[in-house]
file final.txt (compact mmCIF, C-alpha atoms and all ligand atoms)
# COMPACT_ATOMS: atom_id res chain seq x y z
CA MET M 1 -29.77 15.62 -13.08
CA SER M 2 -28.30 19.11 -13.24
CA ASP M 3 -24.98 20.04 -14.83
CA LYS M 4 -24.87 23.19 -12.70
CA ILE M 5 -22.09 23.24 -10.09
CA SER M 6 -23.46 22.74 -6.58
CA TYR M 7 -21.72 24.49 -3.68
CA ALA M 8 -24.03 22.91 -1.09
CA ARG M 9 -21.23 20.84 0.48
CA VAL M 10 -18.70 23.69 0.84
CA LYS M 11 -17.56 23.88 4.46
CA SER M 12 -17.90 27.61 4.95
CA ASP M 13 -19.34 27.56 8.46
CA VAL M 14 -17.42 26.83 11.66
CA GLU M 15 -19.76 24.01 12.73
CA SER M 16 -19.34 21.88 9.58
CA ALA M 17 -15.56 22.39 9.62
CA ARG M 18 -15.40 21.37 13.30
CA THR M 19 -17.62 18.34 12.71
CA TYR M 20 -15.43 17.21 9.83
CA ASN M 21 -12.36 17.53 12.03
CA GLN M 22 -14.03 15.25 14.57
CA ARG M 23 -14.53 12.52 12.00
CA LYS M 24 -14.51 9.00 13.47
CA GLN M 25 -10.90 8.23 14.38
CA SER M 26 -10.92 4.74 12.81
CA LYS M 27 -12.18 6.18 9.49
CA HIS M 28 -9.65 9.00 9.60
CA THR M 29 -6.78 6.59 10.29
CA GLN M 30 -7.91 4.27 7.50
CA GLU M 31 -8.19 7.15 5.00
CA MET M 32 -4.77 8.58 5.87
CA ALA M 33 -3.28 5.08 5.50
CA MET M 34 -4.90 4.86 2.06
CA ILE M 35 -3.24 8.11 0.99
CA GLU M 36 0.10 7.02 2.43
CA ASP M 37 -0.15 3.73 0.56
CA ALA M 38 -1.01 5.50 -2.72
CA MET M 39 1.98 7.82 -2.28
CA ARG M 40 4.32 4.82 -2.53
CA HIS M 41 3.55 4.87 -6.26
CA VAL M 42 4.31 8.57 -6.67
CA ARG M 43 8.00 9.06 -7.20
CA GLY M 44 10.36 12.01 -7.45
CA ILE M 45 7.92 14.83 -6.80
CA ALA M 46 8.38 18.04 -4.81
CA THR M 47 5.10 19.95 -5.07
CA LEU M 48 1.56 18.71 -4.43
CA LEU M 49 -1.86 20.31 -4.63
CA ASP M 50 -4.38 18.98 -2.09
CA ALA M 51 -7.69 19.83 -3.70
CA PRO M 52 -9.98 20.05 -1.81
CA CYS M 53 -8.04 20.20 1.44
CA GLY M 54 -10.98 20.59 3.85
CA VAL M 55 -9.51 21.05 7.33
CA GLY M 56 -6.07 20.12 5.99
CA ARG M 57 -5.64 16.60 7.38
CA ALA M 58 -4.04 15.17 4.19
CA SER M 59 -2.12 18.41 3.52
CA ILE M 60 -0.48 18.16 6.92
CA ALA M 61 0.32 14.44 6.53
CA LEU M 62 1.81 15.03 3.07
CA ALA M 63 3.85 18.05 4.23
CA ARG M 64 5.24 15.82 6.97
CA MET M 65 6.55 13.56 4.17
CA GLY M 66 8.65 16.52 3.04
CA LEU M 67 6.44 17.73 0.17
CA GLN M 68 5.70 21.36 -0.58
CA VAL M 69 1.92 21.26 -0.20
CA THR M 70 -0.70 23.76 -1.30
CA GLY M 71 -4.16 23.09 0.11
CA VAL M 72 -7.13 24.56 -1.72
CA ASP M 73 -10.74 24.72 -0.63
CA LEU M 74 -13.68 27.09 -0.94
CA GLY M 75 -14.77 26.79 2.68
CA GLU M 76 -13.52 29.74 4.75
CA ALA M 77 -14.03 27.99 8.10
CA ALA M 78 -12.37 24.79 6.87
CA LEU M 79 -9.35 26.81 5.69
CA GLU M 80 -9.09 28.72 8.98
CA LEU M 81 -9.10 25.47 10.93
CA ALA M 82 -6.58 23.95 8.49
CA GLU M 83 -4.24 26.93 9.04
CA SER M 84 -4.37 26.55 12.80
CA LEU M 85 -3.95 22.75 12.72
CA ALA M 86 -0.90 23.08 10.45
CA ALA M 87 0.58 25.74 12.75
CA GLU M 88 -0.07 23.47 15.74
CA ALA M 89 1.62 20.57 13.91
CA LYS M 90 4.47 22.94 12.98
CA VAL M 91 4.41 21.95 9.31
CA PRO M 92 4.53 24.50 6.49
CA VAL M 93 1.45 24.27 4.24
CA ARG M 94 0.17 27.03 2.00
CA PHE M 95 -3.65 27.26 2.15
CA GLU M 96 -5.59 29.16 -0.49
CA ARG M 97 -9.28 29.76 -1.14
CA HIS M 98 -10.28 28.93 -4.69
CA ASP M 99 -13.01 27.18 -6.62
CA LEU M 100 -11.64 23.88 -7.94
CA PHE M 101 -13.60 24.37 -11.14
CA ALA M 102 -11.56 27.50 -11.95
CA LEU M 103 -8.08 27.39 -10.44
CA PRO M 104 -5.78 30.39 -10.88
CA TYR M 105 -2.67 28.25 -11.47
CA ALA M 106 -0.66 27.79 -14.66
CA ASP M 107 -0.88 24.54 -16.63
CA ARG M 108 1.16 21.81 -14.91
CA ALA M 109 1.95 24.11 -11.96
CA PHE M 110 2.17 21.17 -9.50
CA ASP M 111 3.98 17.83 -9.75
CA ALA M 112 0.93 16.01 -8.37
CA THR M 113 -2.64 16.65 -7.29
CA LEU M 114 -4.68 14.79 -4.72
CA CYS M 115 -8.46 14.98 -5.01
CA PHE M 116 -9.72 13.09 -1.97
CA ARG M 117 -13.40 12.65 -1.09
CA LEU M 118 -14.92 15.13 -3.51
CA LEU M 119 -15.81 13.41 -6.77
CA HIS M 120 -18.68 11.48 -5.15
CA HIS M 121 -20.45 14.75 -4.35
CA PHE M 122 -21.30 15.23 -8.01
CA GLU M 123 -24.01 13.22 -9.70
CA SER M 124 -23.49 14.62 -13.18
CA PRO M 125 -20.76 12.90 -15.25
CA ALA M 126 -20.35 16.20 -17.12
CA LEU M 127 -19.55 18.04 -13.88
CA ARG M 128 -17.18 15.31 -12.75
CA GLY M 129 -15.47 15.62 -16.13
CA ARG M 130 -15.12 19.39 -15.75
CA LEU M 131 -13.63 19.03 -12.29
CA LEU M 132 -11.12 16.42 -13.46
CA ASP M 133 -10.20 18.49 -16.53
CA GLU M 134 -9.27 21.44 -14.31
CA LEU M 135 -7.30 19.34 -11.81
CA CYS M 136 -5.43 17.51 -14.58
CA ARG M 137 -4.63 20.83 -16.25
CA VAL M 138 -2.58 21.97 -13.23
CA SER M 139 -0.87 18.59 -12.67
CA ALA M 140 2.41 17.86 -14.39
CA ARG M 141 2.96 14.22 -13.47
CA TYR M 142 0.53 12.51 -11.11
CA MET M 143 -3.13 12.61 -10.16
CA LEU M 144 -4.57 10.81 -7.13
CA VAL M 145 -8.35 10.66 -7.25
CA SER M 146 -10.74 9.00 -4.84
CA ARG M 147 -14.04 7.52 -5.92
CA ILE M 148 -16.84 5.53 -4.38
CA SER M 149 -17.14 2.13 -5.97
CA PRO M 150 -20.55 1.14 -7.39
CA LEU M 151 -19.66 -2.46 -6.48
CA SER M 152 -19.61 -1.99 -2.72
CA VAL M 153 -22.38 -3.33 -0.51
CA THR M 154 -23.00 0.24 0.71
CA SER M 155 -23.47 1.55 -2.85
CA MET M 156 -25.78 -1.35 -3.72
CA ARG M 157 -27.79 -0.71 -0.54
CA ARG M 158 -28.12 2.98 -1.45
CA ARG M 159 -29.42 2.13 -4.93
CA LEU M 160 -31.89 -0.38 -3.51
CA ARG M 161 -33.09 2.15 -0.92
CA LEU M 162 -33.63 4.72 -3.68
CA LEU M 163 -35.66 2.17 -5.60
CA LEU M 164 -37.76 1.07 -2.62
CA THR M 165 -38.20 4.27 -0.63
CA GLY M 166 -37.21 7.08 -3.00
CA LYS M 167 -34.59 8.28 -0.47
CA PRO M 168 -32.09 10.24 -2.58
CA ILE M 169 -28.50 9.14 -2.92
CA LYS M 170 -26.05 11.73 -1.56
CA GLN M 171 -22.79 10.00 -2.45
CA TYR M 172 -22.54 9.06 -6.10
CA SER M 173 -20.45 6.11 -7.18
CA VAL M 174 -18.12 6.06 -10.19
CA SER M 175 -16.70 2.93 -11.78
CA ALA M 176 -12.95 2.57 -12.31
CA ARG M 177 -13.72 2.30 -16.01
CA GLU M 178 -15.51 5.65 -16.13
CA LEU M 179 -12.77 7.37 -14.15
CA HIS M 180 -10.02 5.81 -16.28
CA ALA M 181 -11.78 7.08 -19.42
CA GLU M 182 -12.00 10.64 -18.04
CA MET M 183 -8.36 10.55 -17.04
CA ALA M 184 -7.26 9.09 -20.40
CA ARG M 185 -9.02 12.02 -22.09
CA ASN M 186 -6.72 14.26 -20.03
CA GLY M 187 -3.58 12.29 -20.90
CA PHE M 188 -3.27 10.23 -17.71
CA GLU M 189 -3.04 6.46 -17.29
CA PRO M 190 -3.72 4.35 -14.18
CA VAL M 191 -0.64 3.14 -12.30
CA ALA M 192 -2.03 1.90 -8.99
CA LYS M 193 -5.00 1.68 -6.70
CA SER M 194 -5.15 2.04 -2.96
CA GLY M 195 -8.10 0.79 -0.98
CA ARG M 196 -9.30 -2.45 0.48
CA PHE M 197 -11.61 -4.98 -1.17
CA ALA M 198 -14.23 -2.82 -2.98
CA LEU M 199 -17.18 -5.02 -2.00
CA PHE M 200 -16.77 -4.01 1.64
CA HIS M 201 -14.92 -0.72 1.27
CA SER M 202 -16.60 1.92 -0.89
CA LEU M 203 -13.79 4.44 -0.96
CA GLN M 204 -11.01 3.69 -3.45
CA LEU M 205 -8.04 5.89 -4.33
CA GLN M 206 -6.74 5.68 -7.90
CA VAL M 207 -3.23 6.82 -8.86
CA TYR M 208 -2.59 8.10 -12.39
CA SER M 209 0.53 9.28 -14.14
CA ARG M 210 0.82 11.49 -17.20
CA LYS M 211 1.44 9.41 -20.34
C1 LIG S 301 -15.59 15.73 2.14
S1 LIG S 301 -14.54 17.15 2.22
C2 LIG S 301 -12.96 16.43 1.86
C3 LIG S 301 -11.79 17.31 2.28
C4 LIG S 301 -10.42 16.63 2.29
N1 LIG S 301 -10.03 16.16 0.99
C5 LIG S 301 -10.38 15.51 3.30
O1 LIG S 301 -10.52 14.34 2.92
O2 LIG S 301 -10.24 15.81 4.50
C6 LIG S 301 -14.96 18.03 0.72
C7 LIG S 301 -14.41 19.44 0.67
O3 LIG S 301 -14.66 19.98 -0.64
C8 LIG S 301 -14.84 21.38 -0.53
N2 LIG S 301 -15.44 21.84 -1.79
C9 LIG S 301 -16.63 21.47 -2.32
N3 LIG S 301 -16.82 22.04 -3.53
C10 LIG S 301 -15.71 22.80 -3.76
C11 LIG S 301 -15.29 23.64 -4.84
N4 LIG S 301 -16.05 23.82 -5.92
N5 LIG S 301 -14.08 24.25 -4.78
C12 LIG S 301 -13.29 24.07 -3.67
N6 LIG S 301 -13.63 23.30 -2.61
C13 LIG S 301 -14.83 22.67 -2.66
C14 LIG S 301 -15.69 21.52 0.73
O4 LIG S 301 -15.61 22.80 1.28
C15 LIG S 301 -15.07 20.44 1.64
O5 LIG S 301 -14.08 20.97 2.47

call {"tool": "encode", "arguments": {"input": "final.txt", "output": "structure tokens", "more": "lines below"}}
Ligand SMILES: C[S@@+](CC[C@H](N)C(=O)[O-])C[C@H]1O[C@@H](n2cnc3c(N)ncnc32)[C@H](O)[C@@H]1O
result
Amino acid sequence: MSDKISYARVKSDVESARTYNQRKQSKHTQEMAMIEDAMRHVRGIATLLDAPCGVGRASIALARMGLQVTGVDLGEAALELAESLAAEAKVPVRFERHDLFALPYADRAFDATLCFRLLHHFESPALRGRLLDELCRVSARYMLVSRISPLSVTSMRRRLRLLLTGKPIKQYSVSARELHAEMARNGFEPVAKSGRFALFHSLQLQVYSRK
């Protein structure tokens, strides 16, 4: 397992950005509902960093809630599509191209940060730790972080498949315990969780607040 940052999943090309925007509607609706549900536990904030923002679907939904949203991603094509979708939706979102491992923002620059559907791309706990350190650094009050549960049927099936066929796992699971420990190291404590029963639903969204 390498501790070197992989940029293999960055959506720099038009095709991958377009494909992501055409994500299955039922999945998209479910994921946006998960974010909306998590936001019920986030109170009194004005600014939010959506990192990574991809094609801006959460950024747009959160800006619609009246938040001042900054969406950050490394993928040029994803950001271009995000800009045009936000313009189409007539919601103001600031989109910027940065590497999440080295953000140019001051400590605690945003009230909250959402990190949705990225952590599972990294196998190395050290890399996950580095990513979370940087996101926590720029967050003053709340962190919302998604993870794939190791307890879901899908995660168990992936591990079994690896064992039986050697087919590599592409989405790495993280236990709530591991994530809580990383967040505690950064001064955050868990306040809520959004996501359906983990056995059948891999994706879980944890909400943390600064202690
Ligand atoms: C699965 S998408 C999720 C996007 C968004 N959160 C959503 O749910 O629609 C992951 C995104 O992470 C971006 N990404 C991967 N590594 C990155 C890095 N080091 N810095 C910034 N963005 C990165 C990719 O370009 C891609 O748009």

call {"tool": "residues_near_ligand", "arguments": {"input": "final.txt", "ligand": "ligand LIG 301 (chain S)", "cutoff": "10 Å", "atoms": "all atoms listed in the file", "output": "PyMOL selection string"}}
result
chain M and resi 5-13+16-17+20-21+23+28+31-32+35+50-59+71-79+82+96-103+114-122+131+146

call {"tool": "atom_distance", "arguments": {"input": "final.txt", "atom1": "CA of Asp107 (chain M)", "atom2": "CA of Ala140 (chain M)"}}
result
7.8 Å

call {"tool": "residues_near_point", "arguments": {"input": "final.txt", "point": "(-31.4, 15.5, -15.2)", "cutoff": "12 Å", "atoms": "all atoms listed in the file", "output": "list in words"}}
result
Met1, Ser2, Asp3, Lys4, Glu123, Ser124, Pro125 and Ala126 of chain M

call {"tool": "atom_distance", "arguments": {"input": "final.txt", "atom1": "CA of Asp111 (chain M)", "atom2": "CA of Thr47 (chain M)"}}
result
5.3 Å

call {"tool": "atom_distance", "arguments": {"input": "final.txt", "atom1": "CA of Ala61 (chain M)", "atom2": "CA of Leu151 (chain M)"}}
result
29.2 Å

call {"tool": "closest_residue", "arguments": {"input": "final.txt", "among": "M:Gln22, M:Leu199, M:Gln204, M:Leu162", "to": "Val174 (chain M)", "atoms": "all atoms listed in the file"}}
result
M:Gln204

call {"tool": "residues_around", "arguments": {"input": "final.txt", "residues": "region 183-189 of chain M", "least_positions_apart": "3", "cutoff": "9 Å", "atoms": "only C-alpha atoms", "output": "JSON, numbers by chain"}}
result
{"M": [129, 132, 133, 136, 137, 141, 142, 143, 178, 179, 180, 207, 208, 209, 210, 211]}

call {"tool": "write_last_selection", "arguments": {"input": "final.txt", "atoms": "C-alpha atoms", "output": "mmCIF file, in the frame of the given file"}}
result
data_model
loop_
_atom_site.group_PDB
_atom_site.id
_atom_site.type_symbol
_atom_site.label_atom_id
_atom_site.label_comp_id
_atom_site.auth_asym_id
_atom_site.auth_seq_id
_atom_site.Cartn_x
_atom_site.Cartn_y
_atom_site.Cartn_z
ATOM 1 C CA GLY M 129 -15.470 15.620 -16.130
ATOM 2 C CA LEU M 132 -11.120 16.420 -13.460
ATOM 3 C CA ASP M 133 -10.200 18.490 -16.530
ATOM 4 C CA CYS M 136 -5.430 17.510 -14.580
ATOM 5 C CA ARG M 137 -4.630 20.830 -16.250
ATOM 6 C CA ARG M 141 2.960 14.220 -13.470
ATOM 7 C CA TYR M 142 0.530 12.510 -11.110
ATOM 8 C CA MET M 143 -3.130 12.610 -10.160
ATOM 9 C CA GLU M 178 -15.510 5.650 -16.130
ATOM 10 C CA LEU M 179 -12.770 7.370 -14.150
ATOM 11 C CA HIS M 180 -10.020 5.810 -16.280
ATOM 12 C CA VAL M 207 -3.230 6.820 -8.860
ATOM 13 C CA TYR M 208 -2.590 8.100 -12.390
ATOM 14 C CA SER M 209 0.530 9.280 -14.140
ATOM 15 C CA ARG M 210 0.820 11.490 -17.200
ATOM 16 C CA LYS M 211 1.440 9.410 -20.340
#

call {"tool": "residues_near_point", "arguments": {"input": "final.txt", "point": "(6.8, 17.0, 7.0)", "cutoff": "12 Å", "atoms": "all atoms listed in the file", "output": "list of chain:residue names"}}
result
M:Ala46, M:Ala58, M:Ser59, M:Ile60, M:Ala61, M:Leu62, M:Ala63, M:Arg64, M:Met65, M:Gly66, M:Leu67, M:Gln68, M:Val69, M:Ala86, M:Ala89, M:Lys90, M:Val91, M:Pro92, M:Val93

call {"tool": "write_last_selection", "arguments": {"input": "final.txt", "atoms": "C-alpha atoms", "output": "PDB file, in the coordinates of the input"}}
result
ATOM      1  CA  ALA M  46       8.380  18.040  -4.810  1.00  0.00           C
ATOM      2  CA  ALA M  58      -4.040  15.170   4.190  1.00  0.00           C
ATOM      3  CA  SER M  59      -2.120  18.410   3.520  1.00  0.00           C
ATOM      4  CA  ILE M  60      -0.480  18.160   6.920  1.00  0.00           C
ATOM      5  CA  ALA M  61       0.320  14.440   6.530  1.00  0.00           C
ATOM      6  CA  LEU M  62       1.810  15.030   3.070  1.00  0.00           C
ATOM      7  CA  ALA M  63       3.850  18.050   4.230  1.00  0.00           C
ATOM      8  CA  ARG M  64       5.240  15.820   6.970  1.00  0.00           C
ATOM      9  CA  MET M  65       6.550  13.560   4.170  1.00  0.00           C
ATOM     10  CA  GLY M  66       8.650  16.520   3.040  1.00  0.00           C
ATOM     11  CA  LEU M  67       6.440  17.730   0.170  1.00  0.00           C
ATOM     12  CA  GLN M  68       5.700  21.360  -0.580  1.00  0.00           C
ATOM     13  CA  VAL M  69       1.920  21.260  -0.200  1.00  0.00           C
ATOM     14  CA  ALA M  86      -0.900  23.080  10.450  1.00  0.00           C
ATOM     15  CA  ALA M  89       1.620  20.570  13.910  1.00  0.00           C
ATOM     16  CA  LYS M  90       4.470  22.940  12.980  1.00  0.00           C
ATOM     17  CA  VAL M  91       4.410  21.950   9.310  1.00  0.00           C
ATOM     18  CA  PRO M  92       4.530  24.500   6.490  1.00  0.00           C
ATOM     19  CA  VAL M  93       1.450  24.270   4.240  1.00  0.00           C
TER      20      VAL M  93
END

call {"tool": "residues_around", "arguments": {"input": "final.txt", "residues": "Ser175 (chain M)", "least_positions_apart": "4", "cutoff": "8 Å", "atoms": "only C-alpha atoms", "output": "PDB file with C-alpha atoms, keeping the file's coordinate frame"}}
result
ATOM      1  CA  ARG M 147     -14.040   7.520  -5.920  1.00  0.00           C
ATOM      2  CA  ILE M 148     -16.840   5.530  -4.380  1.00  0.00           C
ATOM      3  CA  SER M 149     -17.140   2.130  -5.970  1.00  0.00           C
ATOM      4  CA  PRO M 150     -20.550   1.140  -7.390  1.00  0.00           C
ATOM      5  CA  LEU M 179     -12.770   7.370 -14.150  1.00  0.00           C
TER       6      LEU M 179
END
